[in-house]
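Undergrad: Please find one structure pasted underneath; my questions will follow.
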Amino acid sequence: MNYWLIKSEPDAYSWEQLLKDKKTDWTGVRNYAARNNLRSMKKGDLALFYHSNIGLCIVGVAKVVKEHYQDPTTEETAWLSVDFSPFKTLKKPVYLADVKKDPLLQNMQLVKLSRLSVGVVTKDEFDRVLMLGGL
C-alpha cells in the first residue's frame with residue numbers, strides 16, 4: 001500500500017462534501033508531478049485529505065476506489081483522474097503549522113513542495129499525522 005496527500009480548497013470541494021457524496025472523481029489536476037502521482041495510485045491506497053487555502057489542515061483520510069483514467073474535464077490525454085471515497089475523519093484537524101513544527105514531518109512533501117496538489121506521503125509520516133489527528 002502507498003500513501004498520498006491530496007489538496008482541495010474547502011470552498012471548492014471539502015471533506016464534508018466528500019462525506020456526503022460518498023465518492024468523487026479527482027479532476028482538474030494540471031501539474032505533471034501531481035499527475036504522475038495520480039498515475040501511481042492503486043486501488044486501496046490511502047490519501048490524507050488537506051484543506052488548502054482556507055483552514056490549512058489535514059482533516060481526513062480518503063481511499064482510492066478507482067485507479068487512473070482520462071480526466072473527463074479535458075480532451076487532453078495527458079491529464080488523469082482518480083476516484084476517492086472517504087475512509088476516516090480525523091478526530092481533530094492537523095494544521096500545517098503543527099506539521100511544520102513536528103520533527104518527524106520536516107521532510108514531508110506538504111512542507112518541502114508546498115504547491116504540489118497531489119503528493120507522496122511515507123508510511124511513517126502517514127502514521128504520525130493519524131496520531132496527531134487522534135486516530
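How things are named: the first chain in the C-alpha cells is A, the next is B, and so on; residues count from 1 in each chain; ligands count from 1 in the order shown.
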Mind checking which residues fall within 12 Å of range 36-46 of chain A, counting only C-alpha atoms, ignoring those fewer than 5 positions away in the same chain, and posting them as an MDAnalysis selection string?

TA: chainID A and resid 1:6 25:31 60:71 78:88 116:123 126:127 130

Undergrad: Can you pull out every residue within 8 Å of range 49-54 of chain A, counting only C-alpha atoms, but drop anything in the same chain fewer than 2 positions away, and send it as a ChimeraX atom specification?

TA: /A:5-11,14-15,47,56-62

Undergrad: Go ahead and save the residues from that selection, with C-alpha atoms, as a compact mmCIF listing (two decimals), in the first residue's frame.

TA:
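Result written to result_35.txt:
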```txt
# COMPACT_ATOMS: atom_id res chain seq x y z
CA LEU A 5 -1.82 13.63 0.28
CA ILE A 6 -4.49 15.34 -1.82
CA LYS A 7 -5.33 19.02 -1.50
CA SER A 8 -8.58 20.82 -2.09
CA GLU A 9 -9.79 24.27 -1.23
CA PRO A 10 -12.76 23.61 1.07
CA ASP A 11 -14.90 26.23 -0.67
CA SER A 14 -14.46 19.96 1.13
CA TRP A 15 -14.05 16.84 3.21
CA ALA A 47 -4.61 9.66 0.97
CA LEU A 56 -4.63 24.75 6.09
CA CYS A 57 -5.17 21.41 7.78
CA ILE A 58 -5.44 17.69 7.21
CA VAL A 59 -8.98 16.66 8.10
CA GLY A 60 -9.49 13.11 6.88
CA VAL A 61 -8.28 10.03 5.04
CA ALA A 62 -9.64 9.09 1.63
```

Undergrad: From a DSSP pass on the backbone, collect the residues of range 8-64 of chain A flagged as helix (DSSP H, G or I) and hand them back as a ChimeraX atom specification.

TA: /A:15-21,32-40

Undergrad: Can you pull out the residues contacting range 103-107 of chain A? Cut-off 9 Å, using only C-alpha atoms, and skip same-chain residues under 6 positions away; I want them as a PDB file with N, CA and C atoms, in the first residue's frame.

TA:
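Once everything was written out, this is selection_13.pdb:
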```pdb
ATOM      1  N   ASP A 124       5.646   6.324   7.702  1.00  0.00           N
ATOM      2  CA  ASP A 124       5.915   6.969   8.997  1.00  0.00           C
ATOM      3  C   ASP A 124       5.215   8.316   9.102  1.00  0.00           C
ATOM      4  N   GLU A 125       5.234   9.107   8.030  1.00  0.00           N
ATOM      5  CA  GLU A 125       4.542  10.400   8.031  1.00  0.00           C
ATOM      6  C   GLU A 125       3.038  10.197   8.176  1.00  0.00           C
ATOM      7  N   ARG A 128       2.192   9.216  11.703  1.00  0.00           N
ATOM      8  CA  ARG A 128       2.370  10.358  12.613  1.00  0.00           C
ATOM      9  C   ARG A 128       1.189  11.320  12.495  1.00  0.00           C
ATOM     10  N   VAL A 129       0.757  11.610  11.278  1.00  0.00           N
ATOM     11  CA  VAL A 129      -0.401  12.501  11.080  1.00  0.00           C
ATOM     12  C   VAL A 129      -1.639  11.896  11.724  1.00  0.00           C
TER      13      VAL A 129
END
```

Undergrad: Taking only C-alpha atoms into account, name the residue in A:Val94, A:Gly55, A:Ala34, A:Tyr13 that is nearest to Leu132 in chain A.

TA: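 The shortest atom-to-atom distance to Leu132 in chain A comes from A:Val94.
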
Undergrad: Please identify which residues in range 53-122 of chain A DSSP calls strand (DSSP E) from the backbone, and express them as a ChimeraX atom specification.

TA: /A:57-70,80-95,118-121

Undergrad: Those residues you just picked out, can you put them in a file as a short mmCIF file (atom, residue, chain, number, x, y, z; two decimals), in the first residue's frame with N, CA and C atoms?

TA:
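Saved result, result_2.cif, follows:
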```
data_model
loop_
_atom_site.label_atom_id
_atom_site.label_comp_id
_atom_site.auth_asym_id
_atom_site.auth_seq_id
_atom_site.Cartn_x
_atom_site.Cartn_y
_atom_site.Cartn_z
N CYS A 57 -5.25 22.54 6.86
CA CYS A 57 -5.17 21.41 7.78
C CYS A 57 -5.59 20.11 7.10
N ILE A 58 -5.05 19.03 7.62
CA ILE A 58 -5.44 17.69 7.21
C ILE A 58 -6.65 17.31 8.05
N VAL A 59 -7.73 16.89 7.39
CA VAL A 59 -8.98 16.66 8.10
C VAL A 59 -9.50 15.23 7.99
N GLY A 60 -8.98 14.46 7.05
CA GLY A 60 -9.49 13.11 6.88
C GLY A 60 -8.57 12.25 6.04
N VAL A 61 -9.01 11.00 5.86
CA VAL A 61 -8.28 10.03 5.04
C VAL A 61 -9.26 9.51 4.00
N ALA A 62 -8.84 9.60 2.74
CA ALA A 62 -9.64 9.09 1.63
C ALA A 62 -8.98 7.81 1.10
N LYS A 63 -9.78 7.00 0.43
CA LYS A 63 -9.29 5.73 -0.12
C LYS A 63 -9.46 5.75 -1.63
N VAL A 64 -8.44 5.28 -2.35
CA VAL A 64 -8.54 5.15 -3.81
C VAL A 64 -9.49 4.00 -4.12
N VAL A 65 -10.57 4.31 -4.84
CA VAL A 65 -11.55 3.27 -5.20
C VAL A 65 -11.55 2.97 -6.70
N LYS A 66 -10.92 3.84 -7.50
CA LYS A 66 -10.76 3.58 -8.93
C LYS A 66 -9.45 4.20 -9.37
N GLU A 67 -8.62 3.39 -10.01
CA GLU A 67 -7.32 3.85 -10.47
C GLU A 67 -7.47 4.80 -11.66
N HIS A 68 -6.36 5.40 -12.04
CA HIS A 68 -6.35 6.50 -13.00
C HIS A 68 -7.04 6.17 -14.33
N TYR A 69 -7.66 7.22 -14.85
CA TYR A 69 -8.32 7.18 -16.15
C TYR A 69 -8.30 8.60 -16.71
N GLN A 70 -8.64 8.73 -17.96
CA GLN A 70 -8.66 10.04 -18.62
C GLN A 70 -9.53 11.03 -17.83
N LEU A 80 -5.11 13.06 -15.97
CA LEU A 80 -5.76 11.88 -15.39
C LEU A 80 -6.65 12.26 -14.22
N SER A 81 -7.51 11.33 -13.88
CA SER A 81 -8.38 11.44 -12.72
C SER A 81 -8.32 10.12 -11.96
N VAL A 82 -8.59 10.18 -10.67
CA VAL A 82 -8.67 9.02 -9.79
C VAL A 82 -9.92 9.20 -8.94
N ASP A 83 -10.59 8.11 -8.59
CA ASP A 83 -11.78 8.20 -7.73
C ASP A 83 -11.41 7.87 -6.29
N PHE A 84 -11.97 8.68 -5.37
CA PHE A 84 -11.75 8.51 -3.94
C PHE A 84 -13.08 8.36 -3.22
N SER A 85 -13.05 7.65 -2.11
CA SER A 85 -14.17 7.63 -1.17
C SER A 85 -13.62 7.99 0.20
N PRO A 86 -14.47 8.49 1.10
CA PRO A 86 -13.98 8.79 2.45
C PRO A 86 -13.65 7.50 3.19
N PHE A 87 -12.60 7.53 3.97
CA PHE A 87 -12.20 6.36 4.75
C PHE A 87 -12.35 6.63 6.24
N LYS A 88 -11.70 7.70 6.74
CA LYS A 88 -11.81 8.07 8.16
C LYS A 88 -11.69 9.58 8.30
N THR A 89 -12.45 10.12 9.22
CA THR A 89 -12.34 11.53 9.59
C THR A 89 -11.41 11.62 10.79
N LEU A 90 -10.45 12.54 10.74
CA LEU A 90 -9.59 12.74 11.89
C LEU A 90 -10.42 13.29 13.05
N LYS A 91 -10.09 12.89 14.26
CA LYS A 91 -10.81 13.40 15.43
C LYS A 91 -10.54 14.87 15.65
N LYS A 92 -9.35 15.30 15.24
CA LYS A 92 -9.01 16.73 15.29
C LYS A 92 -8.14 17.04 14.07
N PRO A 93 -8.32 18.23 13.49
CA PRO A 93 -7.52 18.60 12.32
C PRO A 93 -6.04 18.69 12.67
N VAL A 94 -5.20 18.36 11.72
CA VAL A 94 -3.75 18.53 11.88
C VAL A 94 -3.37 19.71 11.00
N TYR A 95 -3.06 20.82 11.65
CA TYR A 95 -2.78 22.07 10.96
C TYR A 95 -1.37 22.10 10.38
N VAL A 118 -0.99 16.96 -5.29
CA VAL A 118 -1.10 15.53 -5.03
C VAL A 118 0.31 15.04 -4.73
N GLY A 119 0.55 14.70 -3.47
CA GLY A 119 1.91 14.36 -3.07
C GLY A 119 2.04 12.99 -2.44
N VAL A 120 3.28 12.54 -2.38
CA VAL A 120 3.62 11.27 -1.75
C VAL A 120 3.77 11.49 -0.25
N VAL A 121 3.34 10.50 0.53
CA VAL A 121 3.49 10.51 1.98
C VAL A 121 4.13 9.18 2.37
#
```

Undergrad: Do you have the CA of Ala33 in chain A-CA of Leu48 in chain A distance handy?

TA: 17.4 Å

Undergrad: So the first atom is CA of Ala97 in chain A and the second is CA of Leu113 in chain A; what is the distance between them in Å, to one decimal place?

TA: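 A separation of 15.0 Å between them.
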
Undergrad: Could you work out how far CA of Leu19 in chain A lies from CA of Tyr32 in chain A, giving the answer in Å with one decimal?

TA: 28.0 Å
